[in-house]
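Here's input_13.cif, which has mmCIF, C-alpha atoms:
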```
data_data
loop_
_atom_site.label_atom_id
_atom_site.label_comp_id
_atom_site.auth_asym_id
_atom_site.auth_seq_id
_atom_site.Cartn_x
_atom_site.Cartn_y
_atom_site.Cartn_z
CA MET A 1 101.72 117.95 168.47
CA GLN A 2 102.44 117.09 172.08
CA VAL A 3 102.33 113.59 173.54
CA ILE A 4 101.04 113.52 177.11
CA GLU A 5 102.81 111.55 179.79
CA ILE A 6 100.17 109.40 181.48
CA GLU A 7 102.32 108.81 184.56
CA GLU A 8 102.78 112.52 185.08
CA ILE A 9 99.07 113.20 184.87
CA ALA A 10 98.31 110.38 187.25
CA LEU A 11 100.91 111.51 189.78
CA PHE A 12 100.24 115.22 189.54
CA PRO A 13 99.14 116.42 193.00
CA LEU A 14 95.74 117.85 192.11
CA ILE A 15 94.23 117.75 195.57
CA TYR A 16 96.24 116.44 198.47
CA THR A 17 94.93 116.61 202.01
CA ASN A 18 96.96 114.84 204.67
CA PRO A 19 95.12 114.76 208.02
CA ARG A 20 98.45 114.78 209.83
CA GLN A 21 99.44 118.02 208.12
CA ALA A 22 96.06 119.68 207.90
CA VAL A 23 96.53 121.38 211.26
CA PRO A 24 100.05 122.51 212.07
CA TYR A 25 101.39 122.00 215.59
CA MET A 26 100.91 125.03 217.82
CA GLU A 27 101.58 125.53 221.53
CA SER A 28 98.21 125.34 223.30
CA PRO A 29 96.94 128.30 225.29
CA LYS A 30 97.46 128.13 229.04
CA GLY A 31 94.72 126.23 230.87
CA ARG A 32 93.27 124.38 227.83
CA THR A 33 92.44 120.77 228.58
CA HIS A 34 93.72 117.81 226.58
CA MET A 35 90.14 116.89 225.53
CA GLU A 36 89.42 120.42 224.28
CA ARG A 37 92.61 120.43 222.23
CA THR A 38 91.77 117.00 220.78
CA GLU A 39 88.20 118.01 219.87
CA GLN A 40 89.37 121.22 218.17
CA THR A 41 92.06 119.40 216.22
CA SER A 42 89.54 116.75 215.14
CA ARG A 43 87.08 119.40 213.94
CA LYS A 44 89.78 121.18 211.94
CA THR A 45 90.99 117.92 210.45
CA LEU A 46 87.47 116.91 209.43
CA ARG A 47 86.87 120.36 207.95
CA ALA A 48 90.09 120.12 205.92
CA ILE A 49 89.18 116.64 204.70
CA ALA A 50 85.69 117.83 203.71
CA LEU A 51 87.12 120.78 201.80
CA GLY A 52 89.59 118.49 200.04
CA VAL A 53 86.89 116.01 199.07
CA GLY A 54 84.67 118.83 197.85
CA ALA A 55 87.43 120.32 195.71
CA ALA A 56 88.30 116.89 194.34
CA SER A 57 84.65 116.35 193.44
CA LEU A 58 84.60 119.64 191.54
CA LEU A 59 87.67 118.55 189.58
CA ALA A 60 86.30 115.08 188.97
CA LEU A 61 83.30 116.42 187.01
CA PRO A 62 85.27 117.93 184.09
CA PHE A 63 87.50 114.85 184.04
CA ALA A 64 84.41 112.66 183.66
CA LEU A 65 82.97 114.89 180.94
CA GLU A 66 86.18 114.71 178.90
CA VAL A 67 86.95 110.99 179.09
CA ARG A 68 85.69 108.56 176.43
CA LEU A 69 86.15 104.78 176.39
CA LYS A 70 85.63 103.69 172.79
CA ARG A 71 86.60 101.13 170.22
CA ALA A 72 89.47 102.70 168.34
CA THR A 73 88.24 101.55 164.93
CA GLN A 74 84.84 102.88 163.88
CA THR A 75 82.58 102.25 160.91
CA LEU A 76 82.92 104.96 158.30
CA THR A 77 79.73 106.89 157.54
CA ASP A 78 78.70 109.68 155.18
CA ALA A 79 78.29 112.16 158.06
CA TRP A 80 81.04 114.35 156.56
CA GLN A 81 78.84 114.90 153.50
CA HIS A 82 76.04 116.53 155.50
CA LEU A 83 77.79 118.80 157.98
CA PRO A 84 77.40 122.52 157.26
CA ILE A 85 80.60 124.43 156.41
CA GLU A 86 81.42 127.64 158.26
CA PRO A 87 82.54 130.52 156.00
CA ARG A 88 86.25 131.31 156.22
CA ARG A 89 85.84 135.03 155.44
CA SER A 90 89.37 136.50 155.34
CA THR A 91 91.06 133.45 156.86
CA LEU A 92 93.55 131.72 154.57
CA LEU A 93 93.23 127.93 154.34
CA GLY A 94 96.07 125.52 153.80
CA ILE A 95 98.08 122.49 154.86
CA SER A 96 101.44 121.50 156.30
CA PHE A 97 103.71 119.19 154.32
CA ARG A 98 105.87 116.72 156.27
CA PRO A 99 108.51 114.70 154.40
CA PRO A 100 109.33 112.58 157.51
CA GLN A 101 105.67 111.58 157.73
CA ILE A 102 105.60 110.83 153.99
CA ALA A 103 108.48 108.39 154.54
CA ALA A 104 106.78 106.80 157.56
CA LEU A 105 103.61 106.21 155.51
CA GLY A 106 105.52 104.76 152.56
CA LEU A 107 104.45 107.45 150.08
CA ASP A 108 106.41 109.26 147.38
CA ALA A 109 107.13 112.82 148.47
CA ARG A 110 107.04 114.59 145.11
CA THR A 111 103.97 112.80 143.80
CA THR A 112 102.14 113.45 147.07
CA LEU A 113 102.99 117.15 147.10
CA GLN A 114 102.06 117.64 143.44
CA THR A 115 98.67 116.03 144.05
CA LEU A 116 97.97 118.13 147.14
CA LEU A 117 99.01 121.34 145.41
CA GLY A 118 96.24 120.75 142.90
CA TYR A 119 93.62 121.63 145.54
CA PRO A 120 92.55 125.30 145.69
CA PHE A 121 93.91 126.30 149.10
CA GLN A 122 95.96 129.46 149.60
CA LEU A 123 98.77 128.64 152.03
CA ILE A 124 101.26 125.82 152.64
CA ARG A 125 103.74 125.34 155.47
CA LEU A 126 107.06 123.76 154.58
CA GLY A 127 109.81 122.68 156.95
CA SER A 128 113.61 122.65 156.87
CA TYR A 129 114.92 119.59 158.69
CA TRP A 130 118.42 120.44 159.85
CA ASN A 131 119.89 116.92 159.95
CA HIS A 132 118.46 116.20 156.48
CA ILE A 133 120.00 119.32 154.94
CA GLU A 134 123.27 119.05 156.87
CA PRO A 135 123.80 115.30 157.46
CA GLU A 136 127.55 115.68 158.03
CA PRO A 137 130.00 118.50 158.80
CA GLY A 138 130.36 120.94 155.93
CA ALA A 139 127.39 119.53 153.97
CA PHE A 140 124.46 121.66 152.78
CA TYR A 141 121.81 119.95 150.66
CA PRO A 142 118.70 122.16 150.28
CA ASP A 143 117.78 120.64 146.90
CA GLU A 144 114.57 118.97 148.08
CA LEU A 145 113.42 122.09 149.90
CA ASP A 146 114.23 124.13 146.78
CA TRP A 147 112.00 121.79 144.77
CA GLN A 148 109.13 122.04 147.26
CA ILE A 149 109.25 125.85 147.23
CA ASP A 150 109.40 125.91 143.42
CA ALA A 151 106.42 123.53 143.19
CA ALA A 152 104.36 125.60 145.64
CA GLU A 153 105.17 128.79 143.72
CA ARG A 154 104.13 127.22 140.42
CA ALA A 155 100.81 126.29 142.04
CA GLY A 156 100.31 129.88 143.18
CA LYS A 157 100.53 129.13 146.91
CA GLN A 158 101.78 131.39 149.68
CA ILE A 159 104.42 129.74 151.88
CA ILE A 160 105.29 129.68 155.56
CA LEU A 161 108.80 128.27 155.93
CA CYS A 162 109.81 126.78 159.25
CA VAL A 163 113.56 127.30 159.54
CA GLY A 164 113.84 125.21 162.70
CA PRO A 165 116.54 124.97 163.58
CA LEU A 166 116.40 122.51 166.50
CA LYS A 167 112.69 121.69 166.37
CA THR A 168 110.56 121.40 163.24
CA PHE A 169 107.02 120.08 162.85
CA SER A 170 106.70 116.30 162.17
CA TYR A 171 107.67 113.52 164.53
CA PRO A 172 110.15 113.31 166.26
CA GLU A 173 110.19 117.13 166.08
CA PHE A 174 113.94 117.29 166.88
CA PHE A 175 116.39 117.40 163.97
CA VAL A 176 119.79 118.51 165.26
CA PRO A 177 122.65 116.86 163.30
CA ALA A 178 124.59 114.35 165.39
CA HIS A 179 127.89 116.19 164.84
CA TYR A 180 126.56 119.17 166.81
CA LEU A 181 125.33 117.16 169.78
CA GLU A 182 127.69 114.45 171.03
CA ARG A 183 125.31 113.28 173.73
CA PRO A 184 121.58 113.82 174.32
CA PHE A 185 120.42 116.79 176.34
CA PRO A 186 120.03 115.91 180.03
CA GLU A 187 116.42 115.35 180.96
CA HIS A 188 114.43 117.76 183.14
CA THR A 189 116.67 120.70 182.21
CA LEU A 190 116.38 124.01 180.40
CA ILE A 191 118.74 124.31 177.42
CA LYS A 192 120.44 127.64 178.05
CA PRO A 193 122.64 129.55 175.59
CA SER A 194 125.45 129.75 178.15
CA ALA A 195 125.57 125.94 178.41
CA TYR A 196 125.50 125.30 174.64
CA PRO A 197 127.22 128.26 172.93
CA SER A 198 128.58 126.25 169.98
CA LEU A 199 125.16 124.66 169.31
CA LEU A 200 123.48 128.06 169.44
CA ALA A 201 126.05 129.47 167.02
CA ALA A 202 125.52 126.58 164.60
CA ALA A 203 121.73 126.83 164.91
CA THR A 204 121.62 130.55 164.19
CA ALA A 205 124.08 130.12 161.32
CA PHE A 206 121.85 127.45 159.76
CA SER A 207 118.60 129.41 160.09
CA THR A 208 120.31 132.60 158.85
CA ARG A 209 121.68 130.74 155.81
CA LEU A 210 118.17 129.56 154.93
CA VAL A 211 116.66 133.02 155.38
CA GLU A 212 119.38 134.56 153.20
CA ARG A 213 118.80 131.87 150.55
CA TYR A 214 115.04 132.32 150.31
CA LYS A 215 114.23 135.88 151.42
CA GLN A 216 113.93 137.08 147.82
CA ARG A 217 111.05 134.66 147.25
CA LYS A 218 107.88 136.74 147.37
CA SER A 219 105.82 133.60 147.89
CA ILE A 220 107.25 133.21 151.41
CA VAL A 221 105.00 135.30 153.64
CA ALA A 222 106.49 134.36 157.04
CA TRP A 223 109.25 132.44 158.77
CA GLN A 224 108.42 130.00 161.54
CA LEU A 225 110.99 129.71 164.33
CA GLU A 226 111.22 126.33 166.10
CA HIS A 227 108.16 124.20 166.72
CA GLU A 228 106.36 124.47 170.07
CA ALA A 229 109.64 126.10 171.03
CA VAL A 230 109.81 125.74 174.81
CA ASP A 231 107.59 122.69 175.35
CA PRO A 232 108.89 119.17 176.04
CA LEU A 233 107.90 116.29 173.77
CA GLY A 234 105.90 113.98 176.02
CA VAL A 235 107.58 110.68 176.82
CA GLU A 236 110.38 111.23 174.30
CA HIS A 237 112.13 113.97 176.24
CA SER A 238 111.57 116.32 179.16
CA TRP A 239 114.28 118.89 178.36
CA ARG A 240 113.10 122.26 177.07
CA LEU A 241 114.66 125.20 175.29
CA ASP A 242 115.24 128.15 177.56
CA MET A 243 113.49 131.32 176.49
CA ALA A 244 116.86 133.09 176.30
CA PHE A 245 118.02 130.50 173.73
CA VAL A 246 114.95 131.22 171.60
CA GLU A 247 115.43 134.98 171.92
CA LYS A 248 118.94 134.63 170.45
CA GLU A 249 117.53 132.60 167.54
CA ILE A 250 114.77 135.07 166.79
CA GLY A 251 117.26 137.96 166.89
CA ALA A 252 119.35 136.29 164.18
CA ILE A 253 116.33 135.86 161.89
CA ARG A 254 115.17 139.45 162.37
CA LYS A 255 118.68 140.67 161.56
CA ALA A 256 118.77 138.61 158.34
CA ASP A 257 115.28 139.68 157.24
CA PRO A 258 113.76 142.56 159.20
CA GLY A 259 110.70 142.83 156.99
CA ARG A 260 108.98 139.45 157.25
CA PRO A 261 106.85 138.38 160.21
CA ILE A 262 107.93 135.50 162.44
CA ILE A 263 105.52 132.79 163.55
CA MET A 264 105.85 130.81 166.75
CA ASN A 265 103.35 128.13 167.67
CA GLY A 266 102.17 126.31 170.76
CA PHE A 267 99.87 123.53 171.87
CA LEU A 268 96.43 124.62 173.09
CA PRO A 269 95.33 122.24 175.86
CA THR A 270 91.70 121.29 175.34
CA SER A 271 91.13 119.16 178.44
CA LEU A 272 91.75 119.61 182.14
CA PRO A 273 94.32 116.79 182.55
CA VAL A 274 96.39 118.12 179.64
CA ARG A 275 96.06 121.69 180.88
CA LEU A 276 97.32 120.73 184.34
CA SER A 277 100.16 118.63 182.95
CA GLN A 278 101.30 121.39 180.63
CA TRP A 279 101.14 124.02 183.34
CA TRP A 280 103.13 121.84 185.74
CA ARG A 281 105.86 121.02 183.25
CA THR A 282 106.31 124.59 181.97
CA ARG A 283 105.53 126.52 185.14
CA ASP A 284 108.98 128.12 185.39
CA GLN A 285 108.97 130.13 182.12
CA GLY A 286 105.54 129.49 180.61
CA ASP A 287 104.53 127.28 177.69
CA SER A 288 105.16 127.86 173.99
CA LEU A 289 101.97 129.87 173.49
CA ALA A 290 103.01 132.26 176.27
CA VAL A 291 106.48 132.66 174.77
CA ALA A 292 104.99 133.16 171.29
CA GLN A 293 102.84 135.98 172.62
CA HIS A 294 105.97 137.59 174.03
CA LEU A 295 108.27 137.19 171.00
CA ALA A 296 106.40 136.50 167.75
CA ASP A 297 104.51 138.57 165.19
CA ILE A 298 102.06 135.74 164.48
CA VAL A 299 100.95 133.32 167.20
CA GLY A 300 100.05 129.81 166.02
CA ILE A 301 97.67 127.48 167.85
CA ASP A 302 98.03 123.70 167.57
CA TYR A 303 94.50 122.39 168.14
CA TYR A 304 93.83 118.70 168.89
CA PRO A 305 90.50 118.29 170.65
CA ARG A 306 90.42 114.46 170.70
CA HIS A 307 93.31 112.08 171.30
CA ALA A 308 94.02 108.63 172.73
CA LEU A 309 95.63 108.04 176.10
CA LEU A 310 95.95 104.28 176.49
CA THR A 311 94.48 100.98 175.39
CA VAL A 312 92.17 99.24 177.85
CA GLY A 313 91.51 95.68 176.65
CA THR A 314 89.66 95.91 173.35
CA ARG A 315 88.92 99.61 173.81
CA THR A 316 90.88 102.84 174.01
CA LEU A 317 90.64 105.64 176.54
CA TYR A 318 90.38 109.06 174.89
CA LEU A 319 90.32 112.65 176.07
CA ASP A 320 87.83 114.82 174.20
CA GLY A 321 88.07 118.47 175.14
CA SER A 322 86.14 119.89 172.20
CA LYS A 323 83.55 121.42 174.53
CA SER A 324 85.81 121.96 177.52
CA PRO A 325 85.50 125.31 179.34
CA TRP A 326 89.24 125.12 180.05
CA GLN A 327 90.31 125.49 176.45
CA GLN A 328 87.63 128.10 175.85
CA ARG A 329 89.03 130.28 178.64
CA LYS A 330 92.60 129.90 177.37
CA ARG A 331 91.51 130.61 173.82
CA MET A 332 89.62 133.77 174.82
CA GLN A 333 92.72 135.01 176.65
CA LEU A 334 94.80 134.37 173.53
CA PHE A 335 92.43 136.30 171.28
CA ALA A 336 92.30 139.22 173.70
CA SER A 337 96.08 139.35 174.19
CA THR A 338 97.05 139.08 170.52
CA HIS A 339 94.41 141.62 169.51
CA ALA A 340 95.63 144.07 172.17
CA HIS A 341 99.25 143.71 171.01
CA ARG A 342 98.33 143.81 167.29
CA GLN A 343 99.62 140.30 166.67
CA LYS A 344 98.00 137.95 164.20
CA LEU A 345 96.57 134.66 165.41
CA MET A 346 96.31 131.50 163.34
CA ILE A 347 95.73 127.77 163.60
CA THR A 348 99.08 126.22 162.69
CA GLU A 349 97.76 122.69 163.23
CA GLY A 350 94.05 121.91 163.05
CA GLN A 351 93.58 118.21 163.77
CA ALA A 352 92.63 116.39 160.58
CA GLU A 353 94.24 112.97 161.14
CA PRO A 354 93.97 110.43 163.98
CA TRP A 355 95.98 110.76 167.18
CA GLU A 356 96.03 107.28 168.63
CA THR A 357 98.39 105.48 171.05
CA VAL A 358 101.05 105.02 168.33
CA THR A 359 103.09 107.69 166.56
CA THR A 360 102.05 106.71 163.02
CA PRO A 361 98.25 106.92 162.66
CA PRO A 362 96.66 103.54 161.90
CA ASN A 363 95.10 102.89 158.52
CA PRO A 364 92.34 100.28 158.99
CA SER A 365 90.66 98.95 155.86
CA ARG A 366 87.11 100.28 155.37
CA GLN A 367 87.11 101.78 158.89
CA GLY A 368 88.26 104.99 160.55
CA MET A 369 89.95 105.84 163.82
CA TYR A 370 87.82 107.36 166.57
CA SER A 371 90.26 110.19 167.36
CA CYS A 372 89.66 111.77 163.95
CA LEU A 373 87.02 110.46 161.57
CA PRO A 374 86.39 112.35 158.29
CA GLU A 375 83.56 114.34 159.85
CA GLN A 376 85.98 115.63 162.52
CA VAL A 377 88.05 117.28 159.77
CA ILE A 378 85.04 119.51 159.15
CA ALA A 379 83.91 119.79 162.78
CA ASN A 380 87.33 120.97 163.98
CA TYR A 381 87.54 123.52 161.17
CA ASN A 382 84.02 124.77 161.97
CA THR A 383 84.89 125.17 165.65
CA CYS A 384 87.89 127.37 164.90
CA MET A 385 86.00 129.45 162.34
CA ARG A 386 83.41 130.20 165.03
CA TRP A 387 86.22 131.58 167.18
CA SER A 388 87.20 134.04 164.46
CA ARG A 389 85.62 137.47 164.89
CA GLN A 390 85.46 140.46 162.59
CA GLU A 391 87.58 142.58 164.94
CA ALA A 392 90.06 139.75 165.53
CA PRO A 393 89.90 137.26 162.64
CA LEU A 394 92.12 134.21 162.36
CA TYR A 395 94.91 134.91 159.88
CA ALA A 396 95.01 131.30 158.63
CA TYR A 397 93.92 127.73 159.32
CA LEU A 398 96.30 124.90 158.38
CA PHE A 399 94.90 121.36 158.29
CA TRP A 400 97.20 118.79 159.89
CA GLY A 401 97.16 115.38 158.22
CA ALA A 402 97.25 115.85 154.44
CA GLU A 403 99.77 113.01 154.03
CA TYR A 404 97.42 110.66 155.88
CA TRP A 405 94.57 111.61 153.54
CA MET A 406 96.74 110.57 150.61
CA LEU A 407 97.47 107.23 152.24
CA ARG A 408 93.75 106.69 152.79
CA LYS A 409 93.02 107.52 149.15
CA GLN A 410 95.65 105.01 148.08
CA CYS A 411 93.80 102.43 150.20
CA ALA A 412 90.40 103.16 148.60
CA ASP A 413 89.08 105.70 151.13
CA SER A 414 88.86 109.22 149.72
CA SER A 415 86.54 110.55 152.42
CA TYR A 416 89.22 112.62 154.22
CA LEU A 417 90.30 114.30 150.99
CA GLN A 418 86.69 114.81 149.96
CA ALA A 419 85.86 116.39 153.31
CA PHE A 420 88.79 118.78 152.78
CA ALA A 421 87.59 119.52 149.22
CA ARG A 422 84.07 120.27 150.53
CA ILE A 423 85.50 122.88 152.89
CA LEU A 424 87.54 124.52 150.13
CA GLU A 425 84.54 124.60 147.82
CA GLN A 426 81.93 125.87 150.29
CA ALA A 427 83.90 128.00 152.76
#
```

Show me, as structure tokens, the structure contained in the file I just sent.
Amino acid sequence: MQVIEIEEIALFPLIYTNPRQAVPYMESPKGRTHMERTEQTSRKTLRAIALGVGAASLLALPFALEVRLKRATQTLTDAWQHLPIEPRRSTLLGISFRPPQIAALGLDARTTLQTLLGYPFQLIRLGSYWNHIEPEPGAFYPDELDWQIDAAERAGKQIILCVGPLKTFSYPEFFVPAHYLERPFPEHTLIKPSAYPSLLAAATAFSTRLVERYKQRKSIVAWQLEHEAVDPLGVEHSWRLDMAFVEKEIGAIRKADPGRPIIMNGFLPTSLPVRLSQWWRTRDQGDSLAVAQHLADIVGIDYYPRHALLTVGTRTLYLDGSKSPWQQRKRMQLFASTHAHRQKLMITEGQAEPWETVTTPPNPSRQGMYSCLPEQVIANYNTCMRWSRQEAPLYAYLFWGAEYWMLRKQCADSSYLQAFARILEQA
């Protein structure tokens, strides 16, 4: 999940027409009068201004259609009980499990996972958090991950295992042990293998060790490399992994286990401001979806159609790109490209928890958050199932937010879990 920098969107030069630069200086033809030159320059300047205003007006329309100013907390309704459920056909359904989020919400990891595994979904995504498994030099503590894999196998689930190593799903999405990185990466830079050879060696050794440890497990159907591999993380950092760094990592995994597919995921922008921001920040080597199409066997889409930008008094400004033509065009390109290259396409993160202006989603008593009410759990799933076609079906759809549903249930609101159960029962 990518946090958008408001300042960068606001300052991004969408349309910029400077009357002083609209007409470059040119030597005037012999015999032309000063008044003629002035009139021609004025006409060209006015024409340039008019074109700029017209283009800005065209851009302003989608902005206006995507912006919502709402109260963040909304009254819960039974709308989720009445929405139709799209059939999943061959698409596998599942969840991601995030121990860092479990800790942030104050839940017990094992109890939470055991409860979730009782639901009849097919696929679960687990993560290896490098600084948790290797907290100090020479340490290697995979016990908790071992337990999670064992529990998922006992429940009959297929597993996608994210082996990191630098980036793994769940905030803050960066889990390099401190002993491998004495100082933070410099901002606004690409992290190249030539600049960090010892880190790359440690990273590939860690991911290879995990693959070697678990590759005999038939329940593991794919490895995930990194998380939104070459994208920055909003306001937290602007550095990005260089594609060459990622290529070295993927080579190590393929060498350790040539037979299993590798998943790489990326954020699908659903609104024009996010699309422009993402393009601007990744314009040199492409975003994570572009890199995934180039390197991975399975391309994962992270889909968040509605999210908060900032608080305005008692209300919150949201972007809602659920019906945006921008994301539809990008999505159609993805389907066409992956189908042509015989890659599988899946939803690695389908929004099923709120995305507000804070990193931990709020939990208001007897109310829900506008960015993702229980009915949106179903609506977002339905949208993605409508994308899936017989000739190019989605491989899987993973709901993002299962830990939050458990928190809500603990606080006497089971509507998120019940919405999920409805989908599993009727899809």

Q) Taking only C-alpha atoms into account, which of A:Ile301, A:Ile253, A:Met406, A:Leu309 comes nearest Leu394 (chain A)? A) A:Ile301

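The coordinates place CA of Trp280 (chain A) at 26.3 Å from CA of Val312 (chain A).
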
Q. Nearest to Arg260 (chain A) among A:Asp231, A:Asp297, A:Glu247, A:Glu349, with distances taken over only C-alpha atoms: which residue is it?
A.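 With only C-alpha atoms as the atom set, the closest residue is A:Asp297.
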
Q: Return the single residue from A:Arg209, A:Lys344, A:His307, A:Arg240 that is closest to Ala222 (chain A), with distances computed using all atoms listed in the file.
A: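 Using all atoms listed in the file, the shortest distance to Ala222 (chain A) belongs to A:Lys344.
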
Q) Written as a ChimeraX atom specification, what is the full residue list that the PyMOL selection byres ((chain A and resi 156-161) around 7) yields on the file shown? A) /A:122-127,152-155,162-163,219-224

Resolved residues for the PyMOL selection byres ((chain A and resi 178-186) around 10) as a compact mmCIF listing (two decimals) with C-alpha atoms, keeping the file's coordinate frame:
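Below is the file expr-v2.txt, written as the result:
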```
# COMPACT_ATOMS: atom_id res chain seq x y z
CA ASN A 131 119.89 116.92 159.95
CA GLU A 134 123.27 119.05 156.87
CA PRO A 135 123.80 115.30 157.46
CA GLU A 136 127.55 115.68 158.03
CA PRO A 137 130.00 118.50 158.80
CA PHE A 175 116.39 117.40 163.97
CA VAL A 176 119.79 118.51 165.26
CA PRO A 177 122.65 116.86 163.30
CA GLU A 187 116.42 115.35 180.96
CA HIS A 188 114.43 117.76 183.14
CA THR A 189 116.67 120.70 182.21
CA LEU A 190 116.38 124.01 180.40
CA ILE A 191 118.74 124.31 177.42
CA TYR A 196 125.50 125.30 174.64
CA SER A 198 128.58 126.25 169.98
CA LEU A 199 125.16 124.66 169.31
CA LEU A 200 123.48 128.06 169.44
CA ALA A 202 125.52 126.58 164.60
CA ALA A 203 121.73 126.83 164.91
CA HIS A 237 112.13 113.97 176.24
CA SER A 238 111.57 116.32 179.16
CA TRP A 239 114.28 118.89 178.36
CA ARG A 240 113.10 122.26 177.07
```

Q: Counting only C-alpha atoms, figure out which residue out of A:Gly350, A:Gly259, A:Pro232, A:Pro362 gets nearest to Ile95 (chain A).
A: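 Smallest separation from Ile95 (chain A) among the options: A:Gly350.
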
Q: Please indicate the distance in Å from CA of Thr311 (chain A) to CA of Met369 (chain A), rounded to one decimal place.
A: 13.3 Å

Q) CA of Ile378 (chain A) to CA of Phe169 (chain A): how many Å, to one decimal? A)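 Separating CA of Ile378 (chain A) from CA of Phe169 (chain A) is a distance of 22.3 Å.
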
Q.
I need every residue sitting at most 7 Å from the point (116.2, 121.8, 164.9) (coordinates as in the file, only C-alpha atoms considered), written as a PyMOL selection string.
A. chain A and resi 129-130+164-168+174-176+226

Write a file of the just-selected residues containing C-alpha atoms, as a CSV table (one decimal), keeping the file's coordinate frame.
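Saved to selection10.csv:
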```
chain,number,residue,atom,x,y,z
A,129,TYR,CA,114.9,119.6,158.7
A,130,TRP,CA,118.4,120.4,159.8
A,164,GLY,CA,113.8,125.2,162.7
A,165,PRO,CA,116.5,125.0,163.6
A,166,LEU,CA,116.4,122.5,166.5
A,167,LYS,CA,112.7,121.7,166.4
A,168,THR,CA,110.6,121.4,163.2
A,174,PHE,CA,113.9,117.3,166.9
A,175,PHE,CA,116.4,117.4,164.0
A,176,VAL,CA,119.8,118.5,165.3
A,226,GLU,CA,111.2,126.3,166.1
```

Q | Close residues, Tyr397 (chain A) itself excluded, 7 Å, all atoms listed in the file, min 2 positions apart in chain, as a list in words | A | Thr91, Leu92, Leu93, Gly94, Met346, Ile347, Thr348, Gly350 and Phe399 of chain A

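Among A:Ala79, A:Arg254, A:Glu249, A:Arg275, the residue with the shortest atom-to-atom distance to Thr204 (chain A), counting only C-alpha atoms, is A:Glu249.
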
Q | Expected answer as a PyMOL selection string: all residues with atoms within 10 Å of (90.4, 126.2, 183.2), all atoms listed in the file | A | chain A and resi 62+269-272+275-276+324-330

Q: Run the PyMOL selection byres ((chain A and resi 415) around 9) on the file and write out the hits as a list of chain:residue names.
A: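 That selection, the PyMOL selection byres ((chain A and resi 415) around 9), comes back as A:Leu76, A:Asp78, A:Trp80, A:Gln81, A:Pro374, A:Glu375, A:Trp405, A:Arg408, A:Lys409, A:Asp413, A:Ser414, A:Tyr416, A:Leu417, A:Gln418, A:Ala419, A:Phe420.
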
Could you write out the selected residues, including C-alpha atoms, as a PDB file, in the frame of the given file?
```
ATOM      1  CA  LEU A  76      82.920 104.960 158.300  1.00  0.00           C
ATOM      2  CA  ASP A  78      78.700 109.680 155.180  1.00  0.00           C
ATOM      3  CA  TRP A  80      81.040 114.350 156.560  1.00  0.00           C
ATOM      4  CA  GLN A  81      78.840 114.900 153.500  1.00  0.00           C
ATOM      5  CA  PRO A 374      86.390 112.350 158.290  1.00  0.00           C
ATOM      6  CA  GLU A 375      83.560 114.340 159.850  1.00  0.00           C
ATOM      7  CA  TRP A 405      94.570 111.610 153.540  1.00  0.00           C
ATOM      8  CA  ARG A 408      93.750 106.690 152.790  1.00  0.00           C
ATOM      9  CA  LYS A 409      93.020 107.520 149.150  1.00  0.00           C
ATOM     10  CA  ASP A 413      89.080 105.700 151.130  1.00  0.00           C
ATOM     11  CA  SER A 414      88.860 109.220 149.720  1.00  0.00           C
ATOM     12  CA  TYR A 416      89.220 112.620 154.220  1.00  0.00           C
ATOM     13  CA  LEU A 417      90.300 114.300 150.990  1.00  0.00           C
ATOM     14  CA  GLN A 418      86.690 114.810 149.960  1.00  0.00           C
ATOM     15  CA  ALA A 419      85.860 116.390 153.310  1.00  0.00           C
ATOM     16  CA  PHE A 420      88.790 118.780 152.780  1.00  0.00           C
TER      17      PHE A 420
END
```

What are the nearest atom pairs, with distances in Å to one decimal, for all residues of region 205-243 of chain A that come at most 6 Å from region 284-296 of chain A, using only C-alpha atoms, set out by chain and rising residue number as a Markdown table?
```
| residue | atom | partner | partner_atom | distance |
| --- | --- | --- | --- | --- |
| A:Glu228 | CA | A:Ser288 | CA | 5.3 |
| A:Ala229 | CA | A:Ser288 | CA | 5.7 |
| A:Val230 | CA | A:Ser288 | CA | 5.2 |
| A:Asp231 | CA | A:Ser288 | CA | 5.9 |
```

Q: Write out as a PyMOL selection string which residues come within 10 Å of Ala379 (chain A) when counting all atoms listed in the file, dropping same-chain ones fewer than 3 positions away.
A: chain A and resi 80+83-86+322+351-352+372-376+382-385

Using all atoms listed in the file, determine which residues lie at most 12 Å from Gln114 (chain A), disregarding the query and same-chain residues fewer than 2 positions distant; provide the list as a compact mmCIF listing (two decimals) with C-alpha atoms, in the frame of the given file.
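What ended up in result-v4.txt:
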```txt
# COMPACT_ATOMS: atom_id res chain seq x y z
CA PHE A 97 103.71 119.19 154.32
CA ASP A 108 106.41 109.26 147.38
CA ALA A 109 107.13 112.82 148.47
CA ARG A 110 107.04 114.59 145.11
CA THR A 111 103.97 112.80 143.80
CA THR A 112 102.14 113.45 147.07
CA LEU A 116 97.97 118.13 147.14
CA LEU A 117 99.01 121.34 145.41
CA GLY A 118 96.24 120.75 142.90
CA TYR A 119 93.62 121.63 145.54
CA TRP A 147 112.00 121.79 144.77
CA GLN A 148 109.13 122.04 147.26
CA ILE A 149 109.25 125.85 147.23
CA ASP A 150 109.40 125.91 143.42
CA ALA A 151 106.42 123.53 143.19
CA ALA A 152 104.36 125.60 145.64
CA GLU A 153 105.17 128.79 143.72
CA ARG A 154 104.13 127.22 140.42
CA ALA A 155 100.81 126.29 142.04
CA GLU A 403 99.77 113.01 154.03
CA MET A 406 96.74 110.57 150.61
```

Q. Hey, which of A:Arg366, A:His227, A:Arg315, A:Lys218 ends up closest to Gly300 (chain A)? Count only C-alpha atoms.
A.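 With only C-alpha atoms as the atom set, the closest residue is A:His227.
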